[in-house]
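**Q** What follows is upload_5.pdb, PDB, C-alpha atoms.
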ATOM      1  CA  MET A   1    -157.287-106.113   9.648
ATOM      2  CA  THR A   2    -154.630-108.461  10.984
ATOM      3  CA  GLU A   3    -157.126-111.306  11.336
ATOM      4  CA  LYS A   4    -158.360-110.801   7.749
ATOM      5  CA  LYS A   5    -154.718-110.526   6.551
ATOM      6  CA  ILE A   6    -155.187-107.118   4.982
ATOM      7  CA  LEU A   7    -151.775-105.941   3.814
ATOM      8  CA  MET A   8    -152.983-102.428   3.113
ATOM      9  CA  SER A   9    -156.118-100.432   2.478
ATOM     10  CA  PHE A  10    -157.014 -96.917   1.439
ATOM     11  CA  LYS A  11    -160.334 -95.096   1.359
ATOM     12  CA  GLY A  12    -160.583 -91.593   0.037
ATOM     13  CA  ALA A  13    -159.791 -89.431  -2.957
ATOM     14  CA  PHE A  14    -157.517 -91.136  -5.486
ATOM     15  CA  ALA A  15    -155.268 -88.280  -6.590
ATOM     16  CA  GLN A  16    -152.118 -89.125  -8.554
ATOM     17  CA  PRO A  17    -149.697 -88.387  -5.647
ATOM     18  CA  ILE A  18    -151.703 -90.725  -3.381
ATOM     19  CA  ILE A  19    -151.550 -93.526  -5.952
ATOM     20  CA  VAL A  20    -147.767 -93.094  -6.211
ATOM     21  CA  GLU A  21    -147.335 -93.263  -2.418
ATOM     22  CA  ILE A  22    -149.571 -96.316  -2.061
ATOM     23  CA  GLY A  23    -147.741 -97.953  -4.959
ATOM     24  CA  GLN A  24    -144.368 -97.492  -3.264
ATOM     25  CA  THR A  25    -145.722 -98.973  -0.031
ATOM     26  CA  LEU A  26    -147.244-101.866  -1.949
ATOM     27  CA  ARG A  27    -143.927-102.676  -3.617
ATOM     28  CA  SER A  28    -142.244-102.804  -0.207
ATOM     29  CA  LYS A  29    -144.939-105.023   1.285
ATOM     30  CA  ILE A  30    -144.868-107.518  -1.594
ATOM     31  CA  ALA A  31    -141.057-107.524  -1.652
ATOM     32  CA  ALA A  32    -141.083-108.577   2.001
ATOM     33  CA  GLN A  33    -143.379-111.569   1.389
ATOM     34  CA  PRO A  34    -141.781-115.038   1.330
ATOM     35  CA  VAL A  35    -141.592-116.741  -2.078
ATOM     36  CA  GLU A  36    -139.584-119.618  -3.510
ATOM     37  CA  SER A  37    -137.418-117.482  -5.799
ATOM     38  CA  ILE A  38    -136.516-113.903  -6.571
ATOM     39  CA  THR A  39    -137.838-114.397 -10.118
ATOM     40  CA  GLU A  40    -141.237-115.495  -8.783
ATOM     41  CA  ARG A  41    -141.345-112.528  -6.396
ATOM     42  CA  THR A  42    -140.480-110.095  -9.199
ATOM     43  CA  LEU A  43    -143.122-111.529 -11.525
ATOM     44  CA  LEU A  44    -145.747-111.561  -8.776
ATOM     45  CA  MET A  45    -144.884-108.004  -7.757
ATOM     46  CA  LYS A  46    -145.181-106.765 -11.357
ATOM     47  CA  LYS A  47    -148.590-108.393 -11.836
ATOM     48  CA  ILE A  48    -150.001-107.128  -8.536
ATOM     49  CA  PHE A  49    -148.567-103.642  -9.027
ATOM     50  CA  ALA A  50    -149.955-103.337 -12.577
ATOM     51  CA  VAL A  51    -153.425-104.375 -11.375
ATOM     52  CA  PHE A  52    -153.210-102.003  -8.405
ATOM     53  CA  VAL A  53    -152.423 -99.110 -10.775
ATOM     54  CA  GLU A  54    -155.256-100.032 -13.150
ATOM     55  CA  LEU A  55    -157.848-100.347 -10.368
ATOM     56  CA  ALA A  56    -156.667 -97.147  -8.654
ATOM     57  CA  GLN A  57    -156.874 -95.245 -11.942
ATOM     58  CA  ASN A  58    -160.369 -96.638 -12.564
ATOM     59  CA  VAL A  59    -161.441 -95.158  -9.231
ATOM     60  CA  MET A  60    -159.618 -91.887  -9.917
ATOM     61  CA  PHE A  61    -161.174 -91.380 -13.369
ATOM     62  CA  TYR A  62    -164.577 -93.115 -13.217
ATOM     63  CA  SER A  63    -165.942 -92.872  -9.672
ATOM     64  CA  ALA A  64    -169.288 -91.064  -9.530
ATOM     65  CA  GLU A  65    -168.173 -89.630  -6.173
ATOM     66  CA  GLN A  66    -165.631 -86.857  -6.731
ATOM     67  CA  GLU A  67    -163.517 -84.598  -4.495
ATOM     68  CA  LEU A  68    -161.027 -81.870  -5.240
ATOM     69  CA  ASP A  69    -157.366 -82.675  -4.665
ATOM     70  CA  GLU A  70    -154.881 -80.193  -3.191
ATOM     71  CA  TYR A  71    -154.503 -78.537  -6.614
ATOM     72  CA  GLY A  72    -158.244 -78.126  -7.174
ATOM     73  CA  LYS A  73    -158.445 -81.003  -9.663
ATOM     74  CA  GLU A  74    -161.372 -83.424  -9.418
ATOM     75  CA  CYS A  75    -160.510 -87.007  -8.562
ATOM     76  CA  GLY A  76    -162.594 -90.057  -7.811
ATOM     77  CA  VAL A  77    -163.298 -91.342  -4.330
ATOM     78  CA  GLY A  78    -163.242 -95.041  -3.527
ATOM     79  CA  ILE A  79    -161.549 -97.816  -1.669
ATOM     80  CA  LEU A  80    -158.691-100.150  -2.470
ATOM     81  CA  VAL A  81    -157.764-103.189  -0.365
ATOM     82  CA  ILE A  82    -154.901-105.627  -0.779
ATOM     83  CA  SER A  83    -155.223-108.817   1.229
ATOM     84  CA  GLU A  84    -153.960-112.369   1.294
ATOM     85  CA  ASN A  85    -154.895-115.842   2.363
ATOM     86  CA  ALA A  86    -152.905-119.076   2.328
ATOM     87  CA  GLU A  87    -153.147-119.476  -1.471
ATOM     88  CA  THR A  88    -153.653-116.016  -2.971
ATOM     89  CA  TYR A  89    -153.196-112.279  -2.858
ATOM     90  CA  CYS A  90    -156.250-110.192  -3.668
ATOM     91  CA  VAL A  91    -156.425-106.634  -5.004
ATOM     92  CA  SER A  92    -159.923-105.160  -4.676
ATOM     93  CA  SER A  93    -161.346-101.758  -5.483
ATOM     94  CA  GLY A  94    -164.708-100.175  -4.939
ATOM     95  CA  ASN A  95    -166.310 -96.943  -6.019
ATOM     96  CA  GLN A  96    -169.679 -95.394  -6.626
ATOM     97  CA  ILE A  97    -171.138 -95.507 -10.103
ATOM     98  CA  ALA A  98    -174.356 -94.242 -11.632
ATOM     99  CA  SER A  99    -176.997 -96.952 -11.180
ATOM    100  CA  ALA A 100    -177.624 -96.820 -14.920
ATOM    101  CA  ASP A 101    -174.049 -98.077 -15.507
ATOM    102  CA  GLY A 102    -174.452-101.137 -13.277
ATOM    103  CA  GLU A 103    -175.911-103.454 -15.897
ATOM    104  CA  ARG A 104    -173.324-102.427 -18.503
ATOM    105  CA  LEU A 105    -170.466-103.084 -16.057
ATOM    106  CA  SER A 106    -171.965-106.430 -15.019
ATOM    107  CA  THR A 107    -172.243-107.473 -18.668
ATOM    108  CA  LEU A 108    -168.686-106.320 -19.317
ATOM    109  CA  CYS A 109    -167.344-108.257 -16.314
ATOM    110  CA  GLU A 110    -169.245-111.401 -17.275
ATOM    111  CA  SER A 111    -167.939-111.240 -20.831
ATOM    112  CA  VAL A 112    -164.357-110.894 -19.559
ATOM    113  CA  ARG A 113    -164.838-113.708 -17.027
ATOM    114  CA  ALA A 114    -165.984-116.031 -19.839
ATOM    115  CA  LEU A 115    -162.740-115.671 -21.806
ATOM    116  CA  SER A 116    -159.838-118.116 -21.599
ATOM    117  CA  LYS A 117    -156.306-116.788 -21.006
ATOM    118  CA  GLU A 118    -155.598-117.118 -24.726
ATOM    119  CA  GLU A 119    -158.826-115.296 -25.638
ATOM    120  CA  LEU A 120    -157.998-112.545 -23.133
ATOM    121  CA  LYS A 121    -154.605-112.099 -24.755
ATOM    122  CA  GLU A 122    -156.133-111.954 -28.255
ATOM    123  CA  ARG A 123    -158.889-109.523 -27.241
ATOM    124  CA  TYR A 124    -156.378-107.326 -25.399
ATOM    125  CA  THR A 125    -154.149-107.170 -28.499
ATOM    126  CA  GLU A 126    -157.154-106.344 -30.704
ATOM    127  CA  GLN A 127    -158.290-103.566 -28.348
ATOM    128  CA  ARG A 128    -154.810-102.018 -28.221
ATOM    129  CA  ARG A 129    -154.759-101.782 -32.024
ATOM    130  CA  LEU A 130    -158.038 -99.859 -32.207
ATOM    131  CA  PRO A 131    -157.936 -96.051 -32.323
ATOM    132  CA  ARG A 132    -158.451 -94.568 -28.850
ATOM    133  CA  GLY A 133    -162.142 -94.267 -27.990
ATOM    134  CA  SER A 134    -163.382 -96.548 -30.780
ATOM    135  CA  SER A 135    -163.697 -99.692 -28.636
ATOM    136  CA  SER A 136    -167.125-101.292 -28.437
ATOM    137  CA  GLY A 137    -166.216-104.407 -26.448
ATOM    138  CA  ALA A 138    -164.582-105.032 -23.105
ATOM    139  CA  GLY A 139    -162.509-102.113 -21.860
ATOM    140  CA  LEU A 140    -158.752-102.403 -22.205
ATOM    141  CA  GLY A 141    -158.301-101.964 -18.454
ATOM    142  CA  PHE A 142    -160.641-104.823 -17.560
ATOM    143  CA  LEU A 143    -158.930-107.045 -20.102
ATOM    144  CA  ASP A 144    -155.506-106.158 -18.714
ATOM    145  CA  VAL A 145    -156.567-106.902 -15.130
ATOM    146  CA  ALA A 146    -158.143-110.226 -16.148
ATOM    147  CA  ARG A 147    -155.082-111.147 -18.210
ATOM    148  CA  ARG A 148    -152.747-110.619 -15.262
ATOM    149  CA  ALA A 149    -154.953-112.252 -12.606
ATOM    150  CA  ASP A 150    -154.534-115.969 -11.935
ATOM    151  CA  LEU A 151    -158.234-116.555 -11.240
ATOM    152  CA  PRO A 152    -161.388-115.138 -12.867
ATOM    153  CA  LEU A 153    -162.251-111.610 -11.768
ATOM    154  CA  GLU A 154    -164.920-111.232  -9.115
ATOM    155  CA  TYR A 155    -167.262-108.262  -9.104
ATOM    156  CA  ALA A 156    -170.391-106.958  -7.458
ATOM    157  CA  VAL A 157    -172.791-104.114  -8.180
ATOM    158  CA  THR A 158    -174.761-103.133  -5.087
ATOM    159  CA  PRO A 159    -177.557-100.532  -5.258
ATOM    160  CA  LEU A 160    -177.128 -97.509  -2.985
ATOM    161  CA  SER A 161    -179.565 -94.708  -2.278
ATOM    162  CA  GLY A 162    -180.658 -92.438  -5.089
ATOM    163  CA  ASP A 163    -179.227 -93.096  -8.509
ATOM    164  CA  ARG A 164    -175.952 -94.613  -7.288
ATOM    165  CA  ALA A 165    -174.522 -98.113  -6.919
ATOM    166  CA  LEU A 166    -171.294 -99.490  -5.483
ATOM    167  CA  PHE A 167    -169.061-101.298  -7.971
ATOM    168  CA  MET A 168    -166.509-103.714  -6.496
ATOM    169  CA  LEU A 169    -163.870-105.545  -8.523
ATOM    170  CA  SER A 170    -161.358-108.117  -7.227
ATOM    171  CA  ALA A 171    -158.379-109.791  -8.884
ATOM    172  CA  TYR A 172    -156.564-112.791  -7.363
ATOM    173  CA  PHE A 173    -152.937-113.884  -7.709
ATOM    174  CA  ALA A 174    -151.557-117.300  -6.741
ATOM    175  CA  LYS A 175    -148.740-117.311  -4.231
TER     176      LYS A 175
END
Here is a file; write its structure as structure tokens.

**A**
Amino acid sequence: MTEKKILMSFKGAFAQPIIVEIGQTLRSKIAAQPVESITERTLLMKKIFAVFVELAQNVMFYSAEQELDEYGKECGVGILVISENAETYCVSSGNQIASADGERLSTLCESVRALSKEELKERYTEQRRLPRGSSSGAGLGFLDVARRADLPLEYAVTPLSGDRALFMLSAYFAK
């Protein structure tokens, strides 16, 4: 993990208390990273934290693999990794999905990747104005992640056994 410059990782059930704890740790880790100004650090921290929350909630709500939390509530199981290299930070998540959803998610990711920053902003604003549940285009969460990321989103859908696939999504932020 040190060699790959992984700042933090979590694999397991994404219950709300876990997300809060990881979020607090993430804030501390990013706050300790060297940057040119406090303003840059604050902006970077806000972007990374917002994407972390979105990806963690996607796992919690949409993972095909579910476990019960300590209160008996179902929550999604997956993985979240935050890493860095010389130029970027990366927030990645992965979770199981139904194989039948793989093509739809790939199409969604490709459509989001094809949008410019201005188009992402416009589409995001349009989606927010729609009544909840009436969206037919890119999901608000994907648009928000893509809007905040400094590079196009990367994704992969990998078939697993049975009727499951692994969906991975990564967002990158310039240092």

**Q** Would you mind reading off the distance between atom CA of A:Ala114 and atom CA of A:Ile79, one decimal, in Å?

**A**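 These atoms are spaced 26.1 Å apart.
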
**Q** Mind giving me the straight-line distance from atom CA of A:Glu3 to atom CA of A:Gly78 in Å, one decimal?

**A**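 About the pair atom CA of A:Glu3 and atom CA of A:Gly78: they are 22.9 Å apart.
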
**Q** So, with only C-alpha atoms as the atoms that count, which of A:Cys75, A:Leu26, A:Met60, A:Leu143 lies closest to A:Ser116?

**A**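 The shortest atom-to-atom distance to A:Ser116 comes from A:Leu143.
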
**Q** Which distance in Å separates atom CA of A:Asp150 and atom CA of A:Leu7, to one decimal?

**A**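 Those two atoms sit 18.9 Å apart.
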
**Q** Considering all atoms listed in the file, can you say which of A:Tyr124, A:Glu103, A:Ser83, A:Gly162 comes closest to A:Lys5?

**A** A:Ser83

**Q** Specify as a compact mmCIF listing (two decimals) with C-alpha atoms, keeping the file's coordinate frame each residue included when the PyMOL selection byres ((chain A and resi 92-102) around 8) is applied to this file.

**A**
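As a result, part.txt now contains:
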# COMPACT_ATOMS: atom_id res chain seq x y z
CA LEU A 55 -157.85 -100.35 -10.37
CA ALA A 56 -156.67 -97.15 -8.65
CA VAL A 59 -161.44 -95.16 -9.23
CA TYR A 62 -164.58 -93.12 -13.22
CA SER A 63 -165.94 -92.87 -9.67
CA ALA A 64 -169.29 -91.06 -9.53
CA GLU A 65 -168.17 -89.63 -6.17
CA VAL A 77 -163.30 -91.34 -4.33
CA GLY A 78 -163.24 -95.04 -3.53
CA ILE A 79 -161.55 -97.82 -1.67
CA LEU A 80 -158.69 -100.15 -2.47
CA VAL A 81 -157.76 -103.19 -0.36
CA ILE A 82 -154.90 -105.63 -0.78
CA CYS A 90 -156.25 -110.19 -3.67
CA VAL A 91 -156.43 -106.63 -5.00
CA GLU A 103 -175.91 -103.45 -15.90
CA ARG A 104 -173.32 -102.43 -18.50
CA LEU A 105 -170.47 -103.08 -16.06
CA SER A 106 -171.96 -106.43 -15.02
CA VAL A 157 -172.79 -104.11 -8.18
CA PRO A 159 -177.56 -100.53 -5.26
CA ASP A 163 -179.23 -93.10 -8.51
CA ARG A 164 -175.95 -94.61 -7.29
CA ALA A 165 -174.52 -98.11 -6.92
CA LEU A 166 -171.29 -99.49 -5.48
CA PHE A 167 -169.06 -101.30 -7.97
CA MET A 168 -166.51 -103.71 -6.50
CA LEU A 169 -163.87 -105.54 -8.52
CA SER A 170 -161.36 -108.12 -7.23
CA ALA A 171 -158.38 -109.79 -8.88

**Q** Taking all atoms listed in the file into account, name the residue in A:Ala146, A:Leu160, A:Ile38, A:Met1 that is nearest to A:Glu54.

**A** A:Ala146

**Q** Using only C-alpha atoms, which of A:Arg147, A:Lys175, A:Arg128, A:Arg27 sits nearest A:Met45?

**A**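 Under the stated criterion, the closest residue is A:Arg27.
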
**Q** Could you tell me, as a list in words, exactly which residues end up selected when the PyMOL selection byres ((chain A and resi 152) around 6) is applied to this structure?

**A**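 Those residues are Arg113, Leu151 and Leu153 of chain A.
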
**Q** Kindly indicate which residue among A:Gln57, A:Gln127, A:Ser9, A:Gln16 lies nearest to A:Glu70, using all atoms listed in the file for the distances.

**A**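 Checking each candidate against A:Glu70, we get A:Gln16 as the closest.
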
**Q** Nearest to A:Gly23: which of A:Leu43, A:Ala50, A:Leu68, A:Ala174 is it, counting all atoms listed in the file?

**A**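 Nearest candidate to A:Gly23 out of A:Leu43, A:Ala50, A:Leu68, A:Ala174: A:Ala50.
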